[in-house]
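Asks: Got a structure for you, questions after.
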Amino acid sequence: MKIWLSLLEGFEFNLMLFGGTIVCAIPLGLLITFCSMSKFKPLSVLSRIFVWIIRGTPLMLQLFVVLYVPGIVFGVPMKSRLLAAFIAFIINYAAYFSEIYRGGIESIPRGQYEAGQVLGLTKGQIFRKIVLFQVIKRIVPPMGNEIITLVKDTSLARTIAVSEIMMSAENFSKQGIIWPLFSTGLFFLAMCGILTLLFNKLEKKLDYYKA
Amino acid sequence: MSILEVKDLYKSFGSTEVLKGINFSMQKGEIIAILGSSGSGKTTLLRCINFLERATGGQIFVDGECIFNADEKKKISAAEQRKRQLNFGLVFQSFNLFPQYSVLDNVTMPPKLLAKERSDYKTNKKQIFADIEENAKMLLERVGLSEKLSNYPCELSGGQQQRVSIARALALDPKILFFDEPTSALDPELTNEILKVIKDLALKNTTMVIVTHEIEFARNVADRIIFMNEGVVLEDGTPEQVIDNPRNERTRSFLAKML
């Protein structure tokens, strides 16, 4: 029982990291999308390079970079390992989300914008009243996928010694108790199961029309 | 005074010249059908007039007022641009209904958004919205869809969708209603229901410009026919003049293939 509680305590870190990343990366991703779709060339090139770097390097490496580079290069040591984990996860997932958004926005037929225009809608109204909802419907499945990956990726925070669930379990294996290490899988399974159900429900709800 | 005057309209995409100096004007209540083979520039002409493409040369006037001048480089404010846009309504070949809204909402949404700019919007919102909805229901009844108000576009046939999109365009009460091959995406049986709706609009003196491949329909409904070929107007006259006695060899061979 004590072991389970201690695993649960570790998993709380995972959940915190998960929640914080979702809350911050979803809007930040949208910002990156707008930058990379911007008509101002330098901005769009810059943000596409940014996305390329983030998606092209391991999250584990990014964790180390966020933890050590501020101290080594700028002389401002990272305040805490947890904060470093948050920053790395938010940036990483915002980059992935931004590409999902971009795909969603670009998949909306031009006719929808043109219909909005000839009906006298402003650009903002076209986006908010016509395009946005259709984009949401289209990106729910890939977002669900990405968010489920995030649940499991939170275990990577262990590499910079954030005391999440894997690290708690390893502490027990060092004392010769191996089973907690494998039991961690149950926590991830449960969380992913809940999310799968939620996303299925959301998809069903958005399924009242076919595009 | 003409309700619409198109003067010397040019449009190029890169080095391809699609419109090579289009001139025509029309009177209020007139119905013009534009005929021509694919690639003749009919659709581009409609898109230029409706601001979906920016013409590279020429002017467009509505009621004598210049609403487009290719030489004018001054940026037009978004609000002014929308005001100009709303002179026209456009029915697309591919309907372009908004899939997430019901039939009724497709028709009421644009006028409701537009009503926000009225000075009495805040004080009179309920009444304005009620009027918009009543008008939309009336229009949908006119196109034979009063049974389908709460359906979604995906639940309708192509012909029904196109009729919704006609009602949607009419809801903004445009001075001129343009149709871009309104039946090209439809089965022949469904084509007739659209043509019936357009004929009904003709009886109510709606000013219309119809790009179409339906020559018999054009003859029946249009007051005037414009025949376009390779970016120029080859013929412009009554259906009798253009369809029965075309002056131009190109028109004759086109009609021979179509009839």
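Scheme for the structure tokens: letters A, B, ... for chains in order shown; per-chain residue numbers from 1; ligand numbers from 1 in order shown.
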Tell me which protein, DNA and RNA residues are within 12 Å of stretch 46-50 of chain A, counting only C-alpha atoms, leaving out same-chain ones fewer than 3 positions away, and put them as a PyMOL selection string.

Replies: chain A and resi 29-38+40-43+53-57+91-92+94-96+98-99+102

Asks: Near chain B, meaning an atom within 6 Å, which residues of chain A appear when counting only C-alpha atoms? Write them as number ranges by chain.

Replies: A: 111-112, 120, 210-211

Asks: To one decimal place in Å, what is the distance between atom CA of B:His213 and atom CA of B:Ile67?

Replies: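 Computing the Euclidean distance for atom CA of B:His213 and atom CA of B:Ile67 yields 28.8 Å.
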
Asks: Of the candidates A:Gln62, A:Asn171, A:Ser80, A:Ser163, which one gets nearest to A:Phe11 if we count only C-alpha atoms?

Replies: A:Ser163

Asks: Residues at most 12 Å from B:Asp187, counting only C-alpha atoms, excluding those fewer than 4 positions away in the same chain, as a PDB file with C-alpha atoms, in the first residue's frame?

Replies:
```
ATOM      1  CA  SER B 157     -29.378  16.406 -52.222  1.00  0.00           C
ATOM      2  CA  GLY B 158     -27.171  18.553 -54.431  1.00  0.00           C
ATOM      3  CA  GLY B 159     -30.207  20.304 -55.874  1.00  0.00           C
ATOM      4  CA  GLN B 160     -31.548  21.088 -52.419  1.00  0.00           C
ATOM      5  CA  PRO B 182     -25.275  26.677 -60.866  1.00  0.00           C
ATOM      6  CA  THR B 183     -26.231  23.308 -62.320  1.00  0.00           C
ATOM      7  CA  THR B 191     -30.805  20.580 -62.759  1.00  0.00           C
ATOM      8  CA  ASN B 192     -34.456  21.229 -63.477  1.00  0.00           C
ATOM      9  CA  GLU B 193     -35.329  22.142 -59.914  1.00  0.00           C
ATOM     10  CA  ILE B 194     -32.637  24.821 -59.943  1.00  0.00           C
TER      11      ILE B 194
END
```

Asks: Take atom CA of A:Ser173 and atom CA of A:Ala190 and report the distance between them in Å, one decimal.

Replies: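 That distance, rounded to one decimal, is 22.4 Å.
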
Asks: For A:Leu5, which residue among A:Phe187, A:Tyr101, A:Phe86, A:Tyr93 is the nearest when counting only C-alpha atoms?

Replies: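 Closest to A:Leu5, using only C-alpha atoms: A:Phe187.
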
Asks: List the neighbours of B:Arg219 out to 9 Å using only C-alpha atoms; skip same-chain residues closer than 6 positions along the sequence, and give me the result as a ChimeraX atom specification.

Replies: /B:33,225,238-240,243

Asks: Which residue, A:Ile90, A:Leu181, A:Leu150, A:Leu121, has the smallest gap to A:Thr21 when you use only C-alpha atoms?

Replies: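 The shortest atom-to-atom distance to A:Thr21 comes from A:Ile90.
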
Asks: With distances taken over only C-alpha atoms, which residue among B:Ala222, B:Met258, B:Leu45, B:Val233 lies nearest B:Gly58?

Replies: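 Among the listed residues, the smallest separation from B:Gly58 belongs to B:Leu45.
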
Asks: Suppose you want the space between atom CA of A:Leu17 and atom CA of A:Thr154; what is it in Å?

Replies: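 The value is 6.6 Å.
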
Asks: Name the residues of stretch 9-212 of chain B that fall into helix (DSSP H, G or I) according to DSSP on the backbone, using the chain letters and numbers of this document, as an NGL selection string.

Replies: :B and (42-49 or 78-85 or 103-115 or 121-142 or 146-148 or 153-155 or 158-170 or 188-203)

Asks: With distances taken over only C-alpha atoms, which of A:Leu59, A:Ile87, A:Ile148, A:Ile177 is nearest to A:Ile3?

Replies: A:Ile177

Asks: If DSSP is run on the backbone, what residues of stretch 76-233 of chain B are strand (DSSP E)? A reply as a PDB file with C-alpha atoms, in the first residue's frame would be ideal.

Replies:
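result06.pdb was written with the following content:
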```
ATOM      1  CA  PHE B  88     -23.702  41.513 -55.457  1.00  0.00           C
ATOM      2  CA  GLY B  89     -24.779  38.026 -54.545  1.00  0.00           C
ATOM      3  CA  LEU B  90     -23.018  34.980 -55.928  1.00  0.00           C
ATOM      4  CA  VAL B  91     -24.245  31.413 -56.226  1.00  0.00           C
ATOM      5  CA  ILE B 176     -27.510  41.795 -58.816  1.00  0.00           C
ATOM      6  CA  LEU B 177     -27.442  38.040 -58.338  1.00  0.00           C
ATOM      7  CA  PHE B 178     -24.706  36.120 -60.138  1.00  0.00           C
ATOM      8  CA  PHE B 179     -24.788  32.392 -60.850  1.00  0.00           C
ATOM      9  CA  ASP B 180     -21.568  30.562 -61.650  1.00  0.00           C
ATOM     10  CA  MET B 208     -29.354  38.278 -62.690  1.00  0.00           C
ATOM     11  CA  VAL B 209     -26.226  37.239 -64.538  1.00  0.00           C
ATOM     12  CA  ILE B 210     -26.102  33.517 -65.176  1.00  0.00           C
ATOM     13  CA  VAL B 211     -23.076  31.660 -66.450  1.00  0.00           C
ATOM     14  CA  ARG B 224     -29.827  38.960 -73.333  1.00  0.00           C
ATOM     15  CA  ILE B 225     -27.085  36.524 -74.124  1.00  0.00           C
ATOM     16  CA  ILE B 226     -23.390  37.217 -74.068  1.00  0.00           C
ATOM     17  CA  PHE B 227     -21.182  34.722 -75.852  1.00  0.00           C
ATOM     18  CA  MET B 228     -17.566  34.704 -74.724  1.00  0.00           C
ATOM     19  CA  ASN B 229     -14.588  33.156 -76.438  1.00  0.00           C
ATOM     20  CA  VAL B 232     -13.489  38.487 -75.355  1.00  0.00           C
ATOM     21  CA  VAL B 233     -17.203  39.062 -75.895  1.00  0.00           C
TER      22      VAL B 233
END
```

Asks: From the set A:Phe13, A:Phe89, A:Phe199, A:Tyr113, which residue has the shortest atom-to-atom contact distance to A:Pro58, counting only C-alpha atoms?

Replies: A:Phe89
